[in-house]
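Novice: Next comes the structure file work.cif, holding mmCIF, C-alpha atoms.
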```cif
data_my_file
#
loop_
_atom_site.label_atom_id
_atom_site.label_comp_id
_atom_site.auth_asym_id
_atom_site.auth_seq_id
_atom_site.Cartn_x
_atom_site.Cartn_y
_atom_site.Cartn_z
CA MET A 14 -0.65 -3.48 -7.35
CA THR A 15 -4.08 -1.89 -7.43
CA PRO A 16 -3.76 1.85 -6.75
CA ASP A 17 -6.66 4.28 -6.83
CA PRO A 18 -6.44 6.32 -10.06
CA ARG A 19 -6.93 9.61 -8.17
CA LEU A 20 -3.87 11.84 -7.88
CA ARG A 21 -2.99 14.11 -4.99
CA ARG A 22 -2.95 17.74 -6.15
CA GLY A 23 -0.95 20.54 -4.62
CA PHE A 24 -0.39 24.24 -5.12
CA LEU A 25 1.65 23.83 -8.30
CA GLY A 26 -0.23 21.03 -10.04
CA ILE A 27 0.27 17.30 -9.79
CA LEU A 28 2.59 16.27 -7.01
CA PRO A 29 4.24 12.91 -6.49
CA VAL A 30 1.77 10.11 -7.07
CA VAL A 31 0.69 8.79 -3.68
CA PRO A 32 -2.23 6.51 -4.42
CA PHE A 33 -4.66 5.20 -1.85
CA LEU A 34 -4.46 1.46 -1.39
CA LEU A 35 -7.39 -0.68 -2.47
CA LEU A 36 -8.63 -4.13 -1.63
CA ALA A 37 -11.84 -5.49 -3.13
CA GLY A 38 -12.77 -2.01 -4.33
CA ARG A 39 -12.55 -0.22 -0.99
CA PRO A 40 -9.80 2.02 0.42
CA LEU A 41 -7.24 0.20 2.51
CA THR A 42 -5.52 3.16 4.05
CA ALA A 43 -6.08 6.31 6.01
CA GLN A 44 -3.54 8.76 4.69
CA GLU A 45 -2.53 12.38 5.19
CA ASP A 46 0.04 14.49 3.45
CA ARG A 47 1.41 17.92 4.24
CA TYR A 48 4.18 20.34 3.30
CA PHE A 49 6.30 22.28 5.76
CA ARG A 50 9.66 23.96 6.15
CA GLU A 51 12.44 22.32 8.13
CA GLY A 52 15.39 24.69 8.17
CA ARG A 53 16.52 25.14 4.57
CA PHE A 54 14.46 22.16 3.37
CA LEU A 55 10.92 21.98 2.04
CA VAL A 56 9.42 18.69 3.27
CA HIS A 57 6.55 16.64 1.84
CA GLU A 58 5.34 14.23 4.52
CA ILE A 59 2.98 11.36 3.77
CA ALA A 60 1.69 9.41 6.76
CA GLY A 61 -0.96 6.77 7.21
CA PHE A 62 -1.81 3.22 8.02
CA ILE A 63 -2.99 0.10 6.24
CA PRO A 64 -5.46 -1.75 8.47
CA MET A 65 -5.17 -5.05 6.60
CA PRO A 66 -1.86 -6.78 7.44
CA ALA A 67 0.00 -8.85 4.87
CA PRO A 68 2.55 -11.59 5.51
CA ARG A 69 5.13 -9.74 3.39
CA VAL A 70 6.17 -6.05 3.34
CA ARG A 71 8.61 -4.68 0.76
CA VAL A 72 10.23 -1.25 0.39
CA GLU A 73 12.03 -0.35 -2.84
CA THR A 74 13.44 3.15 -3.16
CA GLU A 75 16.13 4.73 -5.31
CA VAL A 76 16.83 7.39 -2.66
CA GLY A 77 16.14 7.29 1.02
CA SER A 78 16.79 5.81 4.40
CA VAL A 79 14.41 3.16 5.71
CA SER A 80 13.59 2.14 9.28
CA ALA A 81 11.31 -0.72 10.29
CA ARG A 82 10.05 -1.67 13.74
CA PRO A 83 7.39 -4.03 15.08
CA SER A 84 4.04 -2.90 16.41
CA ALA A 85 1.46 -4.64 18.60
CA ALA A 86 -1.24 -3.28 16.26
CA LEU A 87 -2.57 -5.35 13.35
CA GLU A 88 -1.84 -2.62 10.82
CA VAL A 89 1.12 -1.23 8.91
CA ARG A 90 1.82 2.39 9.89
CA TYR A 91 4.06 4.53 7.71
CA ARG A 92 5.57 8.00 7.57
CA ILE A 93 7.46 9.04 4.46
CA ARG A 94 9.32 12.35 4.37
CA VAL A 95 10.81 13.68 1.15
CA ARG A 96 13.08 16.73 1.52
CA ALA A 97 14.24 19.14 -1.17
CA VAL A 98 16.64 22.03 -1.01
CA ALA A 99 16.60 24.75 -3.67
CA ASP A 100 17.10 28.48 -4.12
CA ASP A 101 13.40 29.26 -3.67
CA GLU A 102 10.09 27.64 -2.69
CA GLU A 103 8.89 27.10 -6.26
CA ALA A 104 12.12 25.34 -7.26
CA ALA A 105 11.92 23.16 -4.12
CA ARG A 106 8.34 22.13 -4.99
CA ARG A 107 9.43 21.20 -8.52
CA LEU A 108 12.16 19.01 -7.00
CA LEU A 109 9.65 17.33 -4.69
CA GLU A 110 7.57 16.51 -7.76
CA GLU A 111 10.55 14.52 -9.06
CA MET A 112 10.26 11.97 -6.23
CA LEU A 113 7.38 9.63 -6.99
CA VAL A 114 6.17 7.74 -3.95
CA SER A 115 3.60 4.96 -4.15
CA ALA A 116 2.12 2.34 -1.89
CA GLY A 117 -0.04 -0.60 -2.78
CA LYS A 118 -1.06 -4.13 -2.06
CA SER A 119 -0.34 -6.88 -4.54
CA GLY A 120 -1.65 -10.27 -3.48
CA GLU A 121 -0.20 -11.05 -0.06
CA GLU A 122 2.35 -8.22 -0.19
CA ILE A 123 2.33 -4.54 0.76
CA VAL A 124 4.80 -2.55 -1.37
CA PHE A 125 6.21 0.95 -0.84
CA ARG A 126 8.16 2.50 -3.73
CA GLY A 127 10.22 5.65 -4.20
CA GLN A 128 11.43 6.62 -7.66
CA VAL A 129 13.23 9.70 -8.88
CA GLY A 130 11.58 10.87 -12.11
CA ARG A 131 14.53 12.74 -13.64
CA PRO A 132 18.19 11.72 -13.62
CA GLY A 133 20.21 14.02 -11.39
CA ALA A 134 17.27 15.18 -9.25
CA GLU A 135 18.42 12.90 -6.41
CA ARG A 136 21.34 15.27 -5.72
CA ASP A 137 18.96 17.75 -4.06
CA LEU A 138 16.46 15.23 -2.65
CA SER A 139 16.46 13.01 0.39
CA ALA A 140 13.79 10.70 1.77
CA GLU A 141 13.00 8.76 4.93
CA PHE A 142 10.63 5.79 5.03
CA SER A 143 9.59 4.87 8.59
CA LEU A 144 7.45 1.77 9.02
CA GLU A 145 5.80 0.01 11.95
CA VAL A 146 4.69 -3.47 10.96
CA PRO A 147 2.61 -6.05 12.86
CA ALA A 148 4.85 -8.21 15.04
CA GLY A 149 3.66 -11.32 13.18
CA THR A 150 4.82 -10.14 9.74
CA LYS A 151 6.54 -13.15 8.17
CA GLU A 152 8.87 -11.34 5.77
CA ILE A 153 10.25 -7.83 5.32
CA GLU A 154 12.46 -6.79 2.42
CA VAL A 155 14.11 -3.37 2.14
CA ILE A 156 16.09 -2.26 -0.91
CA THR A 157 17.44 1.29 -1.21
CA GLY A 158 19.83 2.77 -3.71
CA ALA A 159 21.19 5.51 -1.47
CA GLY A 160 20.42 5.52 2.21
CA ASN A 161 20.83 3.80 5.54
CA VAL A 162 18.63 0.90 6.65
CA GLU A 163 17.62 0.19 10.24
CA ALA A 164 15.61 -2.80 11.50
CA ARG A 165 14.80 -3.38 15.17
CA GLY A 166 12.90 -6.18 16.89
CA LEU A 167 11.44 -7.80 13.77
CA GLY A 168 10.57 -11.49 13.52
CA GLY A 169 10.45 -13.61 10.42
CA ILE A 170 12.76 -13.29 7.44
CA VAL A 171 14.40 -9.86 7.13
CA THR A 172 16.30 -8.84 3.99
CA LEU A 173 18.10 -5.49 4.02
CA ALA A 174 20.11 -4.09 1.10
CA THR A 175 21.60 -0.71 0.21
CA ARG A 176 24.03 0.38 -2.48
CA GLY A 177 25.17 3.45 -0.56
CA GLY A 178 24.60 3.37 3.19
CA SER A 179 24.98 1.50 6.43
CA ILE A 180 22.76 -1.23 7.83
CA SER A 181 21.86 -1.56 11.50
CA ALA A 182 19.86 -4.57 12.71
CA ASP A 183 19.06 -5.59 16.28
CA GLY A 184 16.74 -8.10 17.90
CA ILE A 185 15.84 -9.88 14.66
CA GLY A 186 13.89 -13.04 15.52
CA GLY A 187 14.31 -14.88 12.23
CA LEU A 188 16.74 -15.17 9.35
CA LEU A 189 18.62 -11.93 8.56
CA ARG A 190 20.20 -11.15 5.19
CA ALA A 191 22.10 -7.86 4.93
CA GLU A 192 24.17 -6.41 2.08
CA THR A 193 25.75 -3.02 1.46
CA ARG A 194 28.19 -1.91 -1.20
CA ALA A 195 29.36 1.23 0.61
CA GLY A 196 28.75 1.23 4.33
CA ASN A 197 28.90 -0.77 7.53
CA ILE A 198 26.72 -3.58 8.83
CA GLU A 199 26.09 -3.59 12.57
#
```
Using structure tokens, write down the structure from this file.
Specialist:
Amino acid sequence: MTPDPRLRRGFLGILPVVPFLLLAGRPLTAQEDRYFREGRFLVHEIAGFIPMPAPRVRVETEVGSVSARPSAALEVRYRIRVRAVADDEEAARRLLEEMLVSAGKSGEEIVFRGQVGRPGAERDLSAEFSLEVPAGTKEIEVITGAGNVEARGLGGIVTLATRGGSISADGIGGLLRAETRAGNIE
């Protein structure tokens, strides 16, 4: 993976690493991030697109639900929301800093990752990864430690796995592999 070495900075210092994607030395993605309140949660939302499709897309996250759908566009669009609940705003921001989110391209693969930096932080964190991938994507793999997985209308090989959540798949045009240790498969 070839991420840009620049870090996103927020009000309280370095926030989760969300690198820009690079290919041949030029940015691959248009990306925005913002913070907002949603009820009792503080939310960090990262959204963007990768204009260069890849035949394989992979999502690996320790915490978080993942949804993937096809798009007529020749780009991968993503929206990642990380939520934290805490007694005050400063504590919630510190929790959000514990969820490290990255995206990058490695060879013929686009990879999204979510990692919790400190054991136990996942108790007060949740995440949602929403992807729209080009309809011609040949392979999609989703692995989450704690969260539901949803795939709709995808072609090619689709692999969905969660340790703690349900899997819902519909309209898959190719081979489907699905595995959950604690949840249903529909």
Novice: Take the point (12.6, 20.7, 1.3) as written in the file and pick out every residue within 7 Å of it, counting all atoms listed in the file; give the list as a PyMOL selection string.
Specialist: chain A and resi 50+53-56+96-98+105
Novice: Name the residues that the PyMOL selection byres ((chain A and resi 59) around 10) pulls out of this structure, and write them as a list in words.
Specialist: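 With the PyMOL selection byres ((chain A and resi 59) around 10) on this model, the match is Val31, Gln44, Glu45, Asp46, Arg47, Tyr48, Val56, His57, Glu58, Ala60, Gly61, Tyr91, Arg92, Ile93, Arg94, Val95, Val114 and Phe142 of chain A.
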Novice: Between range 58-127 of chain A and range 174-183 of chain A, at 10 Å or less, what are the per-residue closest atom pairs and their distances in Å? Count all atoms listed in the file, order by chain and rising residue number, and return it as a Markdown table.
Specialist:
```
| residue | atom | partner | partner_atom | distance |
| --- | --- | --- | --- | --- |
| A:Glu73 | CA | A:Ala174 | CA | 9.7 |
| A:Thr74 | CA | A:Thr175 | CA | 9.6 |
| A:Glu75 | CA | A:Arg176 | CA | 9.5 |
| A:Val76 | CA | A:Gly177 | CA | 9.5 |
| A:Gly77 | CA | A:Gly178 | CA | 9.6 |
| A:Ser78 | CA | A:Gly178 | CA | 8.3 |
| A:Val79 | CA | A:Ile180 | CA | 9.7 |
| A:Ser80 | CA | A:Ser181 | CA | 9.3 |
| A:Ala81 | CA | A:Ala182 | CA | 9.7 |
```
Novice: Enumerate, as a PyMOL selection string, the residues matched when the PyMOL selection byres ((chain A and resi 146) around 6) is run on the file above.
Specialist: chain A and resi 83-84+89+145+147
Novice: For the selection just defined, write its residues with C-alpha atoms to a file, as a CSV table (one decimal), keeping the file's coordinate frame.
Specialist:
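Generated file (result-v3.csv):
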```csv
chain,number,residue,atom,x,y,z
A,83,PRO,CA,7.4,-4.0,15.1
A,84,SER,CA,4.0,-2.9,16.4
A,89,VAL,CA,1.1,-1.2,8.9
A,145,GLU,CA,5.8,0.0,12.0
A,147,PRO,CA,2.6,-6.0,12.9
```
Novice: Evaluating the PyMOL selection byres ((chain A and resi 166) around 8) on the displayed file yields which residues, as a PDB file with C-alpha atoms, in the frame of the given file?
Specialist:
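Below is the file that was written, out-v1.pdb:
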```pdb
ATOM      1  CA  ARG A  82      10.050  -1.670  13.740  1.00  0.00           C
ATOM      2  CA  PRO A  83       7.390  -4.030  15.080  1.00  0.00           C
ATOM      3  CA  ALA A 164      15.610  -2.800  11.500  1.00  0.00           C
ATOM      4  CA  ARG A 165      14.800  -3.380  15.170  1.00  0.00           C
ATOM      5  CA  LEU A 167      11.440  -7.800  13.770  1.00  0.00           C
ATOM      6  CA  GLY A 168      10.570 -11.490  13.520  1.00  0.00           C
ATOM      7  CA  ASP A 183      19.060  -5.590  16.280  1.00  0.00           C
ATOM      8  CA  GLY A 184      16.740  -8.100  17.900  1.00  0.00           C
ATOM      9  CA  ILE A 185      15.840  -9.880  14.660  1.00  0.00           C
ATOM     10  CA  GLY A 186      13.890 -13.040  15.520  1.00  0.00           C
TER      11      GLY A 186
END
```
Novice: Can you save range 87-115 of chain A of the given block to a file, including N, CA, C and O atoms and formatted as an mmCIF file, in the first residue's frame?
Specialist:
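This is the output file decode_26.cif:
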```cif
data_model
loop_
_atom_site.group_PDB
_atom_site.id
_atom_site.type_symbol
_atom_site.label_atom_id
_atom_site.label_comp_id
_atom_site.auth_asym_id
_atom_site.auth_seq_id
_atom_site.Cartn_x
_atom_site.Cartn_y
_atom_site.Cartn_z
ATOM 1 N N LEU A 87 -17.263 4.370 -12.878
ATOM 2 C CA LEU A 87 -15.992 3.627 -12.913
ATOM 3 C C LEU A 87 -15.076 4.074 -11.782
ATOM 4 O O LEU A 87 -13.881 4.272 -11.972
ATOM 5 N N GLU A 88 -15.643 4.228 -10.599
ATOM 6 C CA GLU A 88 -14.885 4.654 -9.432
ATOM 7 C C GLU A 88 -15.431 3.952 -8.207
ATOM 8 O O GLU A 88 -16.570 3.492 -8.206
ATOM 9 N N VAL A 89 -14.620 3.868 -7.170
ATOM 10 C CA VAL A 89 -15.057 3.329 -5.888
ATOM 11 C C VAL A 89 -15.418 4.523 -5.015
ATOM 12 O O VAL A 89 -14.583 5.396 -4.775
ATOM 13 N N ARG A 90 -16.659 4.583 -4.572
ATOM 14 C CA ARG A 90 -17.103 5.633 -3.645
ATOM 15 C C ARG A 90 -17.210 5.027 -2.254
ATOM 16 O O ARG A 90 -17.642 3.882 -2.114
ATOM 17 N N TYR A 91 -16.820 5.799 -1.240
ATOM 18 C CA TYR A 91 -16.882 5.290 0.119
ATOM 19 C C TYR A 91 -17.329 6.366 1.099
ATOM 20 O O TYR A 91 -17.143 7.552 0.887
ATOM 21 N N ARG A 92 -17.966 5.907 2.165
ATOM 22 C CA ARG A 92 -18.353 6.747 3.293
ATOM 23 C C ARG A 92 -18.113 5.902 4.539
ATOM 24 O O ARG A 92 -18.677 4.815 4.675
ATOM 25 N N ILE A 93 -17.241 6.389 5.393
ATOM 26 C CA ILE A 93 -16.914 5.675 6.626
ATOM 27 C C ILE A 93 -17.304 6.571 7.790
ATOM 28 O O ILE A 93 -16.894 7.733 7.852
ATOM 29 N N ARG A 94 -18.125 6.045 8.674
ATOM 30 C CA ARG A 94 -18.544 6.794 9.863
ATOM 31 C C ARG A 94 -18.087 6.038 11.100
ATOM 32 O O ARG A 94 -18.441 4.869 11.282
ATOM 33 N N VAL A 95 -17.330 6.735 11.935
ATOM 34 C CA VAL A 95 -16.893 6.181 13.216
ATOM 35 C C VAL A 95 -17.606 6.980 14.299
ATOM 36 O O VAL A 95 -17.559 8.210 14.301
ATOM 37 N N ARG A 96 -18.279 6.273 15.213
ATOM 38 C CA ARG A 96 -19.044 6.916 16.281
ATOM 39 C C ARG A 96 -18.418 6.592 17.631
ATOM 40 O O ARG A 96 -18.006 5.460 17.860
ATOM 41 N N ALA A 97 -18.432 7.594 18.506
ATOM 42 C CA ALA A 97 -17.939 7.396 19.875
ATOM 43 C C ALA A 97 -18.942 8.007 20.836
ATOM 44 O O ALA A 97 -19.542 9.052 20.561
ATOM 45 N N VAL A 98 -19.102 7.358 21.962
ATOM 46 C CA VAL A 98 -19.940 7.898 23.018
ATOM 47 C C VAL A 98 -19.069 8.010 24.265
ATOM 48 O O VAL A 98 -18.309 7.096 24.592
ATOM 49 N N ALA A 99 -19.148 9.176 24.923
ATOM 50 C CA ALA A 99 -18.358 9.411 26.131
ATOM 51 C C ALA A 99 -19.055 10.482 26.961
ATOM 52 O O ALA A 99 -20.032 11.093 26.514
ATOM 53 N N ASP A 100 -18.522 10.709 28.155
ATOM 54 C CA ASP A 100 -19.134 11.677 29.065
ATOM 55 C C ASP A 100 -19.071 13.112 28.545
ATOM 56 O O ASP A 100 -19.931 13.920 28.848
ATOM 57 N N ASP A 101 -18.024 13.444 27.788
ATOM 58 C CA ASP A 101 -17.905 14.799 27.258
ATOM 59 C C ASP A 101 -17.247 14.771 25.880
ATOM 60 O O ASP A 101 -16.768 13.741 25.422
ATOM 61 N N GLU A 102 -17.241 15.911 25.216
ATOM 62 C CA GLU A 102 -16.730 16.029 23.850
ATOM 63 C C GLU A 102 -15.252 15.644 23.752
ATOM 64 O O GLU A 102 -14.838 14.946 22.833
ATOM 65 N N GLU A 103 -14.459 16.098 24.687
ATOM 66 C CA GLU A 103 -13.019 15.812 24.653
ATOM 67 C C GLU A 103 -12.762 14.312 24.782
ATOM 68 O O GLU A 103 -11.935 13.747 24.064
ATOM 69 N N ALA A 104 -13.477 13.649 25.666
ATOM 70 C CA ALA A 104 -13.316 12.198 25.834
ATOM 71 C C ALA A 104 -13.770 11.461 24.574
ATOM 72 O O ALA A 104 -13.144 10.471 24.161
ATOM 73 N N ALA A 105 -14.837 11.955 23.940
ATOM 74 C CA ALA A 105 -15.317 11.325 22.701
ATOM 75 C C ALA A 105 -14.283 11.474 21.590
ATOM 76 O O ALA A 105 -14.031 10.531 20.830
ATOM 77 N N ARG A 106 -13.646 12.633 21.489
ATOM 78 C CA ARG A 106 -12.601 12.829 20.472
ATOM 79 C C ARG A 106 -11.413 11.904 20.727
ATOM 80 O O ARG A 106 -10.842 11.367 19.783
ATOM 81 N N ARG A 107 -11.049 11.726 21.974
ATOM 82 C CA ARG A 107 -9.943 10.801 22.289
ATOM 83 C C ARG A 107 -10.305 9.379 21.854
ATOM 84 O O ARG A 107 -9.463 8.651 21.325
ATOM 85 N N LEU A 108 -11.551 8.987 22.063
ATOM 86 C CA LEU A 108 -12.001 7.663 21.614
ATOM 87 C C LEU A 108 -11.939 7.548 20.099
ATOM 88 O O LEU A 108 -11.495 6.524 19.569
ATOM 89 N N LEU A 109 -12.376 8.582 19.396
ATOM 90 C CA LEU A 109 -12.323 8.549 17.936
ATOM 91 C C LEU A 109 -10.888 8.391 17.438
ATOM 92 O O LEU A 109 -10.644 7.754 16.420
ATOM 93 N N GLU A 110 -9.941 8.950 18.178
ATOM 94 C CA GLU A 110 -8.531 8.812 17.808
ATOM 95 C C GLU A 110 -8.050 7.371 17.921
ATOM 96 O O GLU A 110 -7.054 6.999 17.304
ATOM 97 N N GLU A 111 -8.769 6.550 18.682
ATOM 98 C CA GLU A 111 -8.391 5.143 18.854
ATOM 99 C C GLU A 111 -8.734 4.284 17.639
ATOM 100 O O GLU A 111 -8.208 3.192 17.489
ATOM 101 N N MET A 112 -9.640 4.762 16.782
ATOM 102 C CA MET A 112 -10.008 4.004 15.585
ATOM 103 C C MET A 112 -9.201 4.531 14.411
ATOM 104 O O MET A 112 -9.400 5.645 13.953
ATOM 105 N N LEU A 113 -8.261 3.740 13.958
ATOM 106 C CA LEU A 113 -7.401 4.119 12.842
ATOM 107 C C LEU A 113 -8.007 3.575 11.554
ATOM 108 O O LEU A 113 -8.222 2.375 11.422
ATOM 109 N N VAL A 114 -8.291 4.476 10.637
ATOM 110 C CA VAL A 114 -8.908 4.115 9.371
ATOM 111 C C VAL A 114 -7.930 4.455 8.260
ATOM 112 O O VAL A 114 -7.364 5.543 8.248
ATOM 113 N N SER A 115 -7.713 3.520 7.347
ATOM 114 C CA SER A 115 -6.813 3.798 6.232
ATOM 115 C C SER A 115 -7.405 3.234 4.949
ATOM 116 O O SER A 115 -8.259 2.358 4.968
#
```
